[in-house]
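Notes to accompany the following structure.
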Amino acid sequence: MANCFHGLKSFGAQAPYRWIRSQCLSSLSILGGVYAAPETNRLVASGQTRGMRTNSTAGVEIKRLPFSRVSQRDLAFFEKALPGRTITDPDVLASSNVDWLKSVRGSSELLLRPQTTEDVSQILRYCNERRLAVNPQGGNTGLVGGSVPVFDEIILSTSLMNRVLHFDQVSGILTCQAGCVLENLSSYVEERDFIMPLDLGAKGSCQIGGNVATNAGGLRLLRHGSLRGTVLGLEVVLADGKVLNCLTSLRKDNTGYDLKQLFIGSEGTLGVITAVSILCPRKPKAVNVAFLGCSSFQQLLKTFHCCRGMLGEILSAFEFLDGACMRLLEKHLKLNNPIRESPFYIVIETAGSNASHDEEKLHHFLQEVMTLSLVTDGTVATEDAKIKALWALRERITEGLTHDGYTYKYDISLPVEKIYQLVEDMREHLGDKAKNVVGYGHVGDGNLHLNITSHSRDPDLLAAIEPYVYKWTAGCRGSISAEHGLGLKKRNYIHYSKPPEAVALMGDIKRMLDPHGILNPYKTLPDSC
């Protein structure tokens, strides 16, 4: 494997392949602090009054539903139930009232911080009786306006519910409260020679309960699957305060309906997740990351096909970004491109238990894709710092986009061969209306993050993007939300991905579990429900 990592030869007909030595990555700069979220879609709510919020960009008016308003008597109840954890200070409430992108802003005057499941049960039982709307909130890293109030809903924060309840060293099953920060859980299980089955750019602030409530995907989905498979059990408090304890730690449990699946991806509209039982894989003993350049997306797809066949069980991630993304990283974040400029770039991660075995497989794969001219240039990192440097080129794209102007973001799931066609068609469709149209995402699971920037918020540009992007996606039998959820922003576009019968059934389930509609209103389901 040494020949693959070392030596620098001129690229061309004289040499069948060339790899920039790993040491060249030392020049890559890793600026402090990854932004707390990867991607989103668009600004939906921009102005507000006491009883109405208006979307000035799309002309949509959201009327406040007839919920009760918080009274002094309500405050007295909460202060007694949660002494010192009933927050009314506007300065403290400010950050909880606005989403990470600052695209949706609520006007809540009350933040509650429960510490236990019983606290949550007491809060919801009271709010249900009083018809007080509740906005469950974890790390507030959501990207579709699902984690913040629209009006004056009470914010129920799970941030103090941050205890690990149990970890089984044999099975790798972790049971914890919903407010545990993902990065903290990762550190906890890695100390015990395991890893979390998901990894996100927002891991430093997102919470596991919010991850489950949105069915977050992330960088490890190709290897470990979605949370619908790795989450073994949940504890959920329903709208009326009843506690649904399905916190099993069994790998196999085929007794009746799998109720936890109702709450995974429900965005806090059916119940508040208070605890999670999740299966953690063993920590790999050897990790390699390759950063490769491709001359076309078709070559990239062929590389992916070859990669799955040759790397097999050690393949952990296969991500891509286009040349436009790289130029934004270089321009705005001053990150260095470690290889020759290319139209497309790939980040491949392998993770296994035998370093020499993994390096040999990776070596043969790299030889093959270079011999076939599928890849034009590349570099490989095996040391932790250099691995992080390469991953930064993928994880910090969202940060780079924030410096390029106002960004319209779309999280689309498509057949793999169609992923980049949407980017190309959108560029042609928009012409010079947009500043930049870029694409990146998870090739391994067909997830495209389409980003369109402009110098400022532009209603005409938005009208050109939507519903074009949703119709295009529906025409390919894709999903308008691959991993971010629907929240406030996409709820009324659900019919592009789900048939009327399915949407109606979702409404029936919502009314059955939350008849007064107090849980995260105005989110996930369309106005027709």
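Every chain in the structure tokens has a letter given in the order shown (A, B, ...), and although residue numbers restart at 1 in each chain, ligands are simply numbered from 1 in the order shown.
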| field | DSSP-assigned helix (DSSP H, G or I) among segment 197-393 of chain A, expressed as number ranges by chain | value | A: 208-213, 221-224, 227-230, 260-263, 297-314, 323-332, 355-371, 384-393
| task | For segment 118-128 of chain A, work out the shell of residues within 7 Å, counting only C-alpha atoms and skipping chain neighbours fewer than 6 positions away, then give it as a ChimeraX atom specification. | result | /A:237,239-243,518
Restrict the calculation to only C-alpha atoms, then for each residue of segment 243-276 of chain A with any atom at most 12 Å from an atom of segment 176-187 of chain A give the closest atom pair and their distance in Å to one decimal, rows by chain and rising residue number, as JSON lines.
```
{"residue": "A:Leu247", "atom": "CA", "partner": "A:Cys176", "partner_atom": "CA", "distance": 10.0}
{"residue": "A:Ser249", "atom": "CA", "partner": "A:Cys176", "partner_atom": "CA", "distance": 11.5}
{"residue": "A:Val272", "atom": "CA", "partner": "A:Ala178", "partner_atom": "CA", "distance": 9.2}
{"residue": "A:Ile273", "atom": "CA", "partner": "A:Ala178", "partner_atom": "CA", "distance": 6.4}
{"residue": "A:Thr274", "atom": "CA", "partner": "A:Ala178", "partner_atom": "CA", "distance": 4.9}
{"residue": "A:Ala275", "atom": "CA", "partner": "A:Gln177", "partner_atom": "CA", "distance": 4.2}
{"residue": "A:Val276", "atom": "CA", "partner": "A:Cys176", "partner_atom": "CA", "distance": 5.6}
```
| task | Using only C-alpha atoms, determine which residues lie at most 10 Å from Val469 of chain A, disregarding the query and same-chain residues fewer than 3 positions distant; provide the list as a list in words. | result |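 The residues satisfying every condition are Tyr410, Ile412, Leu422, Val423, Asp425, Met426, Leu450, Ala464, Ile465, Glu466, Trp472, Thr473, Ala474, Gly475 and Ile480 of chain A.
Across A:Pro343, A:Gly323, A:Gly209, A:Gly229, the tightest approach to Val438 of chain A is made by A:Gly323 when counting only C-alpha atoms.
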| Which one of A:Arg340, A:Lys418, A:Arg192, A:Lys409 sits closest to Leu101 of chain A if you count only C-alpha atoms? |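 Of the candidates, the smallest distance to Leu101 of chain A is held by A:Lys409.
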If you take only C-alpha atoms and a cut-off of 7 Å, which residues of segment 155-267 of chain A touch segment 132-136 of chain A, and what are their nearest atom pairs and distances in Å to one decimal, in chain and number order, as a Markdown table?
```
| residue | atom | partner | partner_atom | distance |
| --- | --- | --- | --- | --- |
| A:Ile155 | CA | A:Asn135 | CA | 4.8 |
| A:Leu156 | CA | A:Pro136 | CA | 4.7 |
| A:Ser157 | CA | A:Pro136 | CA | 6.1 |
```
Residues as selected, all heavy atoms, written as a tab-separated table (two decimals), in the first residue's frame, can you do that?
```tsv
chain	number	residue	atom	x	y	z
A	155	ILE	N	-42.47	26.73	24.36
A	155	ILE	CA	-41.31	25.94	23.94
A	155	ILE	C	-40.96	24.94	25.04
A	155	ILE	O	-40.70	25.32	26.19
A	155	ILE	CB	-40.10	26.84	23.66
A	155	ILE	CG1	-40.43	27.86	22.57
A	155	ILE	CG2	-38.89	26.00	23.25
A	155	ILE	CD1	-39.37	28.93	22.38
A	156	LEU	N	-40.98	23.67	24.69
A	156	LEU	CA	-40.61	22.60	25.62
A	156	LEU	C	-39.23	22.10	25.20
A	156	LEU	O	-39.09	21.37	24.22
A	156	LEU	CB	-41.65	21.48	25.58
A	156	LEU	CG	-41.57	20.39	26.66
A	156	LEU	CD1	-42.91	19.67	26.79
A	156	LEU	CD2	-40.48	19.37	26.37
A	157	SER	N	-38.21	22.53	25.93
A	157	SER	CA	-36.84	22.17	25.59
A	157	SER	C	-36.42	20.89	26.32
A	157	SER	O	-36.64	20.75	27.52
A	157	SER	CB	-35.89	23.31	25.98
A	157	SER	OG	-34.55	22.88	25.90
```
| message | Please report the interatomic distance between atom CA of Leu315 of chain A and atom CA of Arg228 of chain A in Å with one decimal. | response | 20.7 Å
| Contact residues around Val287 of chain A with only C-alpha atoms at 8 Å, ignoring same-chain residues under 5 positions, as a PyMOL selection string | chain A and resi 349-352+355+382
